$ cat upload-v4.txt   # compact mmCIF, C-alpha atoms
# COMPACT_ATOMS: atom_id res chain seq x y z
CA MET A 297 104.29 97.19 88.79
CA ARG A 298 107.11 97.85 91.26
CA ILE A 299 107.89 100.78 93.53
CA LYS A 300 110.60 102.09 91.22
CA ASP A 301 108.08 102.16 88.38
CA PHE A 302 106.26 104.97 90.17
CA TYR A 303 109.06 107.34 89.28
CA SER A 304 108.44 106.85 85.56
CA TYR A 305 105.13 108.63 86.06
CA ARG A 306 107.00 111.88 86.62
CA LYS A 307 107.68 111.94 82.89
CA PRO A 308 105.41 114.06 80.66
CA GLY A 309 102.44 112.16 79.33
CA ARG A 310 102.51 109.41 81.94
CA ARG A 311 99.85 108.94 84.59
CA VAL A 312 99.39 106.31 87.31
CA SER A 313 95.96 104.82 87.98
CA MET A 314 95.09 103.29 91.35
CA VAL A 315 91.88 101.89 92.81
CA THR A 316 90.95 100.52 96.19
CA ALA A 317 90.41 96.79 96.57
CA TYR A 318 89.10 95.14 99.70
CA ASP A 319 88.39 91.50 98.77
CA TYR A 320 89.51 88.70 96.48
CA THR A 321 86.71 89.00 93.94
CA MET A 322 87.03 92.73 93.27
CA ALA A 323 90.83 92.55 93.38
CA SER A 324 90.79 89.83 90.72
CA LEU A 325 88.72 92.08 88.46
CA ALA A 326 91.11 94.99 89.01
CA ALA A 327 94.07 92.67 88.40
CA ALA A 328 92.65 91.79 84.98
CA SER A 329 92.46 95.48 84.06
CA GLY A 330 95.07 98.03 83.08
CA VAL A 331 94.97 99.71 86.50
CA ASP A 332 98.48 100.10 87.92
CA ALA A 333 98.09 99.61 91.67
CA LEU A 334 95.65 98.46 94.34
CA LEU A 335 95.09 100.24 97.63
CA VAL A 336 93.67 98.31 100.56
CA GLY A 337 92.25 101.47 102.07
CA ASP A 338 90.91 101.82 105.59
CA SER A 339 87.80 103.14 103.81
CA LEU A 340 86.87 99.46 103.84
CA ALA A 341 85.45 100.12 107.31
CA MET A 342 82.76 102.22 105.61
CA VAL A 343 82.38 100.52 102.23
CA MET A 344 82.57 96.89 103.38
CA HIS A 345 81.48 97.09 107.02
CA GLY A 346 79.00 99.96 106.97
CA MET A 347 80.78 102.06 109.58
CA GLU A 348 80.32 105.83 109.82
CA ASN A 349 84.02 106.59 109.29
CA THR A 350 87.41 104.91 108.96
CA LEU A 351 88.33 105.09 112.64
CA THR A 352 87.00 101.61 113.43
CA ALA A 353 89.45 99.90 111.07
CA SER A 354 91.97 97.83 113.03
CA VAL A 355 95.28 96.23 112.12
CA GLY A 356 93.61 92.82 112.22
CA MET A 357 90.85 93.98 109.89
CA MET A 358 93.34 95.52 107.47
CA SER A 359 95.50 92.40 107.57
CA LEU A 360 92.56 90.12 106.73
CA HIS A 361 91.51 92.22 103.74
CA THR A 362 95.12 92.68 102.58
CA ALA A 363 95.66 88.93 102.48
CA ALA A 364 92.52 88.46 100.36
CA VAL A 365 93.57 91.19 97.91
CA ALA A 366 97.16 89.95 97.69
CA ARG A 367 95.97 86.49 96.66
CA ALA A 368 94.24 87.99 93.61
CA ALA A 369 96.54 90.90 92.74
CA GLY A 370 98.87 89.15 90.31
CA GLY A 371 101.51 91.68 89.30
CA LYS A 372 99.69 94.71 90.68
CA LEU A 373 101.33 96.67 93.46
CA VAL A 374 99.42 96.25 96.73
CA ILE A 375 99.51 99.20 99.15
CA THR A 376 97.78 99.01 102.54
CA ASP A 377 96.66 101.77 104.87
CA MET A 378 97.99 101.73 108.41
CA PRO A 379 94.77 102.29 110.37
CA PHE A 380 93.85 104.88 112.99
CA LEU A 381 96.44 105.27 115.78
CA SER A 382 98.41 102.18 114.70
CA PHE A 383 101.41 104.41 113.94
CA ARG A 384 100.87 106.91 116.75
CA LYS A 385 101.68 104.70 119.75
CA GLY A 386 105.43 104.78 119.33
CA VAL A 387 107.91 103.14 117.01
CA GLY A 388 107.66 99.67 118.56
CA PRO A 389 103.89 99.20 118.22
CA ALA A 390 103.98 100.83 114.79
CA MET A 391 106.61 98.37 113.60
CA ASP A 392 104.57 95.46 114.97
CA ALA A 393 101.56 96.68 112.99
CA ALA A 394 103.67 97.16 109.88
CA GLU A 395 105.09 93.66 110.21
CA GLU A 396 101.61 92.13 110.35
CA LEU A 397 100.40 94.04 107.31
CA MET A 398 103.49 93.31 105.23
CA LYS A 399 103.38 89.62 106.10
CA ALA A 400 99.71 89.61 105.05
CA GLY A 401 100.78 90.62 101.54
CA ALA A 402 101.20 94.41 101.44
CA GLN A 403 104.13 95.63 99.37
CA ALA A 404 103.92 99.19 100.69
CA LEU A 405 102.13 101.06 103.46
CA LYS A 406 100.24 104.37 103.41
CA LEU A 407 100.19 106.73 106.41
CA GLU A 408 98.07 109.85 106.89
CA GLY A 409 99.78 113.08 107.93
CA VAL A 410 103.36 113.48 109.07
CA ASP A 411 103.64 115.77 112.11
CA GLY A 412 104.26 113.69 115.22
CA HIS A 413 105.24 110.41 113.59
CA GLU A 414 108.29 111.33 111.54
CA ASP A 415 110.29 108.79 113.54
CA VAL A 416 107.92 106.01 112.50
CA ILE A 417 108.24 106.90 108.82
CA GLU A 418 112.03 106.97 109.10
CA ARG A 419 112.08 103.57 110.81
CA LEU A 420 109.74 102.08 108.21
CA THR A 421 111.67 103.36 105.20
CA GLY A 422 114.98 102.51 106.89
CA SER A 423 113.72 98.96 107.33
CA GLY A 424 112.99 98.54 103.65
CA ILE A 425 109.25 99.20 103.83
CA PRO A 426 108.04 101.57 101.09
CA VAL A 427 105.83 104.32 102.50
CA MET A 428 103.23 106.38 100.66
CA GLY A 429 102.20 109.67 102.28
CA HIS A 430 98.66 111.08 102.45
CA LEU A 431 97.87 114.77 102.94
CA GLY A 432 94.94 117.14 102.50
CA LEU A 433 91.69 115.60 103.69
CA THR A 434 92.97 112.84 105.94
CA PRO A 435 89.92 110.81 107.03
CA GLN A 436 91.55 109.56 110.23
CA TYR A 437 91.60 113.21 111.36
CA VAL A 438 87.91 113.72 110.56
CA HIS A 439 86.96 114.98 114.02
CA GLY A 440 89.89 117.37 114.24
CA LEU A 441 89.12 118.69 110.76
CA GLY A 442 85.48 119.27 111.63
CA GLY A 443 84.19 116.84 109.03
CA TYR A 444 84.98 115.93 105.44
CA ARG A 445 86.00 119.31 104.03
CA VAL A 446 88.30 120.56 101.29
CA GLN A 447 91.70 121.35 102.82
CA GLY A 448 94.27 124.02 101.94
CA ARG A 449 91.78 126.67 100.84
CA ASP A 450 93.50 129.52 102.73
CA ALA A 451 97.16 130.57 102.66
CA ALA A 452 98.00 129.02 106.02
CA GLY A 453 96.42 125.67 105.16
CA ALA A 454 98.10 125.57 101.75
CA ALA A 455 101.49 126.43 103.26
CA GLN A 456 101.12 123.63 105.80
CA ILE A 457 100.32 121.06 103.12
CA LYS A 458 103.31 122.17 101.00
CA ARG A 459 105.60 121.99 104.04
CA GLN A 460 104.33 118.53 104.99
CA ALA A 461 104.68 117.27 101.42
CA LEU A 462 108.33 118.25 101.31
CA ARG A 463 108.89 116.68 104.72
CA LEU A 464 107.38 113.37 103.58
CA GLN A 465 109.70 113.39 100.60
CA GLU A 466 112.68 114.07 102.86
CA LEU A 467 111.68 111.14 105.06
CA GLY A 468 111.82 108.80 102.08
CA CYS A 469 108.20 108.39 100.96
CA PHE A 470 108.03 107.06 97.41
CA ALA A 471 104.74 108.79 96.55
CA LEU A 472 102.06 111.07 97.97
CA VAL A 473 98.26 111.01 97.90
CA LEU A 474 96.61 114.44 97.94
CA GLU A 475 92.93 114.28 98.84
CA CYS A 476 90.35 117.05 98.43
CA VAL A 477 92.59 120.08 97.97
CA PRO A 478 92.20 122.91 95.44
CA ALA A 479 93.48 122.02 91.98
CA GLU A 480 96.00 124.87 91.95
CA LEU A 481 97.51 123.73 95.25
CA ALA A 482 97.76 120.18 93.90
CA ARG A 483 99.53 121.58 90.83
CA GLU A 484 102.03 123.44 93.03
CA VAL A 485 102.79 120.42 95.20
CA THR A 486 103.15 118.15 92.17
CA GLY A 487 105.52 120.61 90.52
CA THR A 488 107.64 120.92 93.66
CA LEU A 489 108.15 117.26 94.56
CA ARG A 490 110.44 114.73 92.92
CA VAL A 491 108.13 111.85 93.87
CA PRO A 492 104.80 111.25 92.11
CA VAL A 493 101.61 112.78 93.49
CA ILE A 494 98.32 110.89 93.16
CA GLY A 495 95.15 112.92 93.48
CA ILE A 496 91.63 112.19 94.65
CA GLY A 497 89.28 115.10 94.43
CA ALA A 498 92.33 117.30 93.79
CA GLY A 499 91.96 118.25 90.14
CA PRO A 500 93.73 117.12 86.95
CA HIS A 501 97.28 118.33 87.52
CA THR A 502 98.71 115.46 89.61
CA ASP A 503 100.77 112.50 88.35
CA GLY A 504 97.84 110.11 88.70
CA GLN A 505 94.44 109.45 90.22
CA VAL A 506 92.96 107.06 92.76
CA LEU A 507 89.31 106.21 93.37
CA VAL A 508 87.37 103.79 95.52
CA LEU A 509 86.46 100.92 93.20
CA GLN A 510 82.88 100.69 94.45
CA ASP A 511 82.48 104.43 93.83
CA LEU A 512 83.59 104.37 90.20
CA LEU A 513 81.46 101.28 89.55
CA GLY A 514 78.40 102.98 91.02
CA LEU A 515 78.01 100.32 93.72
CA TYR A 516 78.41 102.44 96.85
CA ASP A 517 75.50 104.70 97.72
CA LYS A 518 77.58 107.34 99.54
CA ALA A 519 80.14 108.29 96.91
CA PRO A 520 81.44 111.89 97.09
CA SER A 521 80.45 114.42 94.45
CA PHE A 522 83.86 114.49 92.70
CA VAL A 523 83.65 110.80 91.72
CA ARG A 524 83.02 109.97 88.07
CA LYS A 525 80.87 106.83 87.86
CA TYR A 526 81.87 104.60 84.97
CA MET A 527 78.80 102.38 85.30
CA ASP A 528 75.56 102.20 87.26
CA GLY A 529 76.53 99.14 89.24
CA ARG A 530 73.73 99.36 91.76
CA ALA A 531 71.09 99.32 89.01
CA ALA A 532 72.79 96.44 87.18
CA VAL A 533 73.13 94.28 90.29
CA THR A 534 69.60 95.05 91.46
CA ALA A 535 68.24 94.11 88.03
CA ALA A 536 70.11 90.79 88.13
CA LEU A 537 68.78 90.03 91.61
CA ASN A 538 65.24 90.87 90.57
CA ALA A 539 65.59 88.59 87.54
CA PHE A 540 66.75 85.76 89.82
CA ASP A 541 63.89 86.42 92.24
CA SER A 542 61.35 86.43 89.41
CA GLU A 543 62.61 83.16 87.92
CA VAL A 544 62.68 81.40 91.29
CA LYS A 545 59.10 82.44 92.03
CA SER A 546 57.88 81.54 88.54
CA GLY A 547 59.67 78.19 88.53
CA ALA A 548 61.86 79.12 85.57
CA PHE A 549 64.99 78.58 87.69
CA PRO A 550 66.39 76.03 88.00
CA GLY A 551 65.57 74.62 84.58
CA LYS A 552 66.48 71.28 83.07
CA ASP A 553 69.86 72.50 81.84
CA ASP A 554 70.74 73.86 85.30
CA HIS A 555 70.58 70.52 87.11
CA GLU A 556 71.56 67.74 84.76
CA ASN A 557 73.35 65.17 86.91
CA ASP A 558 76.49 64.93 84.79
CA LYS A 559 76.96 68.68 84.63
CA ARG A 560 76.19 69.14 88.32
CA ASP A 561 78.66 66.48 89.47
CA LYS A 562 81.47 68.01 87.44
CA GLU A 563 80.82 71.52 88.72
CA LEU A 564 80.37 70.63 92.37
CA ALA A 565 83.76 68.95 92.49
CA GLY A 566 85.54 72.30 92.37
CA ALA A 567 82.87 74.86 93.20
CA ALA A 568 81.19 74.01 96.48
CA ARG A 569 78.94 76.81 97.74
CA LEU A 570 77.39 77.73 101.09

$ encode --input "upload-v4.txt" --output "C-alpha cells"
Amino acid sequence: MRIKDFYSYRKPGRRVSMVTAYDYTMASLAAASGVDALLVGDSLAMVMHGMENTLTASVGMMSLHTAAVARAAGGKLVITDMPFLSFRKGVGPAMDAAEELMKAGAQALKLEGVDGHEDVIERLTGSGIPVMGHLGLTPQYVHGLGGYRVQGRDAAGAAQIKRQALRLQELGCFALVLECVPAELAREVTGTLRVPVIGIGAGPHTDGQVLVLQDLLGLYDKAPSFVRKYMDGRAAVTAALNAFDSEVKSGAFPGKDDHENDKRDKELAGAARL
C-alpha cells in the first residue's frame, strides 16, 4: 500500500484497516494478513513497556521499534508516531526527530493536534514527508484533557475538532485519525474532508478503523471498552505456557523426538536461542 492508495478509500464501499505494530514478530503476522497499514504508535510505551501513559515514549524508543516493524512489514505502509514534545520544540528539532524516524523505516509520520505546530507540519509535508493528523482524544494531551475522555461532546468542542480537521487538510495531511469522538461528529468530519478519516472509538461512519493489535487479539489487559476482541489471546497464551510447564515438570518435554542429534544440529544452525 502507498500513500496515494489512501485516497481510494474515499470511494463508496471501500474501507481502510490499520493496526498498531511494535515489534518484528507481531508485524510479520500483520504483514501476512489483509490489513492495509501498520502504525508504530507511541502507545508502545504502555503496551510494550508497561508505562502509565504515552508521554515516556522518546524518539530513540520510537526509532528502535520502527526499525523492527519495517523489517517485517513487506508491502504494508508503516506510519510512526512522533512522540511527546518531539514536534513542539521548533522546526529544527522536529525535523531532526523526523529524519531519525524516517531513516529507521517509517514511510509516514503521525502528529497529535495542530494548534501551535502548523509550521512543523508545513515543513514536513514540504520536505516530502507524508503526515497523518490525529484529533479528538489525543493521548499526549492526557493531563490537559483531564484524563482519557470522549472529546467533542459539546458544541464548542465539536466546532474545534471540525476546524482543526480542515486546518490539517489545508496543511497537506494525507489522512486523519479521529479518536474517541461521538459517531455523529465523526460522520460530519468524514463528510467534510477530502482526505480519508480513520476512526478509533469514533463509530462506524469513518473511512476506516484502527486498533491496537494486542487489544484486538485479547493480549493486553487494559484495552478500552470500545475494542472488539477477535480472540482471547491471554487465555490461549496462558494455556500454552501451562502446558509447557506441566510437561517440563512431568518429564514429557523434551521427548526423544525433540532432541535427536541430526534434527537438533540442523535446527541450531539457523535458529540459535538465548

$ residues_around --input "upload-v4.txt" --residues "Leu335 (chain A)" --least-positions-apart "2" --cutoff "8 Å" --atoms "only C-alpha atoms" --output "MDAnalysis selection string"
chainID A and resid 314:317 333 337 374:377

$ residues_near_point --input "upload-v4.txt" --point "(109.4, 106.8, 101.3)" --cutoff "6 Å" --atoms "only C-alpha atoms" --output "ChimeraX atom specification"
/A:421,426-427,468-470

$ closest_residue --input "upload-v4.txt" --among "A:Ala519, A:Ala536, A:Ala394, A:Val312" --to "Val473 (chain A)" --atoms "all atoms listed in the file"
A:Val312

$ closest_atom_pairs --input "upload-v4.txt" --of "region 450-503 of chain A" --to "region 396-409 of chain A" --cutoff "9 Å" --atoms "only C-alpha atoms" --output "CSV"
residue,atom,partner,partner_atom,distance
A:Gln460,CA,A:Gly409,CA,7.7
A:Leu464,CA,A:Gly409,CA,8.8
A:Leu472,CA,A:Lys406,CA,8.8
A:Val473,CA,A:Lys406,CA,8.9

$ closest_residue --input "upload-v4.txt" --among "A:Ile417, A:Ala471, A:Ala539, A:Leu515" --to "Leu489 (chain A)" --atoms "all atoms listed in the file"
A:Ala471

$ closest_residue --input "upload-v4.txt" --among "A:Val533, A:Leu509, A:Val355, A:Val544" --to "Ser313 (chain A)" --atoms "all atoms listed in the file"
A:Leu509

$ residues_near_point --input "upload-v4.txt" --point "(93.9, 90.2, 91.5)" --cutoff "6 Å" --atoms "all atoms listed in the file" --output "number ranges by chain"
A: 323-324, 327, 368-370

$ residues_around --input "upload-v4.txt" --residues "Pro308 (chain A)" --least-positions-apart "3" --cutoff "12 Å" --atoms "only C-alpha atoms" --output "ChimeraX atom specification"
/A:303-305,311-312,487,492,501-504

$ closest_residue --input "upload-v4.txt" --among "A:Asp319, A:Thr350, A:Pro550, A:Ala326" --to "Ala363 (chain A)" --atoms "all atoms listed in the file"
A:Asp319

$ atom_distance --input "upload-v4.txt" --atom1 "CA of Val438 (chain A)" --atom2 "CA of Phe380 (chain A)"
10.9 Å

$ closest_residue --input "upload-v4.txt" --among "A:Ala328, A:Val336, A:Ala461, A:Ala531" --to "Asp517 (chain A)" --atoms "all atoms listed in the file"
A:Ala531

$ atom_distance --input "upload-v4.txt" --atom1 "CA of Arg306 (chain A)" --atom2 "CA of Ala455 (chain A)"
22.8 Å

$ build_atoms --input "upload-v4.txt" --residues "region 458-477 of chain A" --atoms "N, CA and C atoms" --output "PDB file, keeping the file's coordinate frame"
ATOM      1  N   LYS A 458     102.058 122.138 101.781  1.00  0.00           N
ATOM      2  CA  LYS A 458     103.310 122.170 101.000  1.00  0.00           C
ATOM      3  C   LYS A 458     104.505 121.813 101.882  1.00  0.00           C
ATOM      4  N   ARG A 459     104.513 122.316 103.108  1.00  0.00           N
ATOM      5  CA  ARG A 459     105.600 121.990 104.040  1.00  0.00           C
ATOM      6  C   ARG A 459     105.596 120.491 104.351  1.00  0.00           C
ATOM      7  N   GLN A 460     104.424 119.947 104.643  1.00  0.00           N
ATOM      8  CA  GLN A 460     104.330 118.530 104.990  1.00  0.00           C
ATOM      9  C   GLN A 460     104.704 117.640 103.809  1.00  0.00           C
ATOM     10  N   ALA A 461     104.343 118.061 102.606  1.00  0.00           N
ATOM     11  CA  ALA A 461     104.680 117.270 101.420  1.00  0.00           C
ATOM     12  C   ALA A 461     106.189 117.159 101.251  1.00  0.00           C
ATOM     13  N   LEU A 462     106.873 118.274 101.414  1.00  0.00           N
ATOM     14  CA  LEU A 462     108.330 118.250 101.310  1.00  0.00           C
ATOM     15  C   LEU A 462     108.940 117.399 102.420  1.00  0.00           C
ATOM     16  N   ARG A 463     108.371 117.467 103.606  1.00  0.00           N
ATOM     17  CA  ARG A 463     108.890 116.680 104.720  1.00  0.00           C
ATOM     18  C   ARG A 463     108.727 115.180 104.451  1.00  0.00           C
ATOM     19  N   LEU A 464     107.591 114.785 103.908  1.00  0.00           N
ATOM     20  CA  LEU A 464     107.380 113.370 103.580  1.00  0.00           C
ATOM     21  C   LEU A 464     108.394 112.902 102.543  1.00  0.00           C
ATOM     22  N   GLN A 465     108.680 113.745 101.583  1.00  0.00           N
ATOM     23  CA  GLN A 465     109.700 113.390 100.600  1.00  0.00           C
ATOM     24  C   GLN A 465     111.067 113.225 101.250  1.00  0.00           C
ATOM     25  N   GLU A 466     111.405 114.153 102.157  1.00  0.00           N
ATOM     26  CA  GLU A 466     112.680 114.070 102.860  1.00  0.00           C
ATOM     27  C   GLU A 466     112.794 112.794 103.678  1.00  0.00           C
ATOM     28  N   LEU A 467     111.678 112.334 104.218  1.00  0.00           N
ATOM     29  CA  LEU A 467     111.680 111.140 105.060  1.00  0.00           C
ATOM     30  C   LEU A 467     111.733 109.852 104.246  1.00  0.00           C
ATOM     31  N   GLY A 468     111.655 109.969 102.925  1.00  0.00           N
ATOM     32  CA  GLY A 468     111.820 108.800 102.080  1.00  0.00           C
ATOM     33  C   GLY A 468     110.561 108.210 101.488  1.00  0.00           C
ATOM     34  N   CYS A 469     109.423 108.915 101.576  1.00  0.00           N
ATOM     35  CA  CYS A 469     108.200 108.390 100.960  1.00  0.00           C
ATOM     36  C   CYS A 469     108.372 108.318  99.447  1.00  0.00           C
ATOM     37  N   PHE A 470     107.851 107.270  98.851  1.00  0.00           N
ATOM     38  CA  PHE A 470     108.030 107.060  97.410  1.00  0.00           C
ATOM     39  C   PHE A 470     106.923 107.729  96.596  1.00  0.00           C
ATOM     40  N   ALA A 471     105.837 108.143  97.241  1.00  0.00           N
ATOM     41  CA  ALA A 471     104.740 108.790  96.550  1.00  0.00           C
ATOM     42  C   ALA A 471     103.852 109.469  97.582  1.00  0.00           C
ATOM     43  N   LEU A 472     102.946 110.312  97.090  1.00  0.00           N
ATOM     44  CA  LEU A 472     102.060 111.070  97.970  1.00  0.00           C
ATOM     45  C   LEU A 472     100.655 111.069  97.400  1.00  0.00           C
ATOM     46  N   VAL A 473      99.662 110.816  98.255  1.00  0.00           N
ATOM     47  CA  VAL A 473      98.260 111.010  97.900  1.00  0.00           C
ATOM     48  C   VAL A 473      97.825 112.376  98.423  1.00  0.00           C
ATOM     49  N   LEU A 474      97.204 113.161  97.547  1.00  0.00           N
ATOM     50  CA  LEU A 474      96.610 114.440  97.940  1.00  0.00           C
ATOM     51  C   LEU A 474      95.106 114.320  97.773  1.00  0.00           C
ATOM     52  N   GLU A 475      94.381 114.470  98.873  1.00  0.00           N
ATOM     53  CA  GLU A 475      92.930 114.280  98.840  1.00  0.00           C
ATOM     54  C   GLU A 475      92.202 115.584  99.122  1.00  0.00           C
ATOM     55  N   CYS A 476      91.271 115.919  98.242  1.00  0.00           N
ATOM     56  CA  CYS A 476      90.350 117.050  98.430  1.00  0.00           C
ATOM     57  C   CYS A 476      91.087 118.341  98.780  1.00  0.00           C
ATOM     58  N   VAL A 477      91.934 118.778  97.870  1.00  0.00           N
ATOM     59  CA  VAL A 477      92.590 120.080  97.970  1.00  0.00           C
ATOM     60  C   VAL A 477      92.303 120.832  96.674  1.00  0.00           C
TER      61      VAL A 477
END
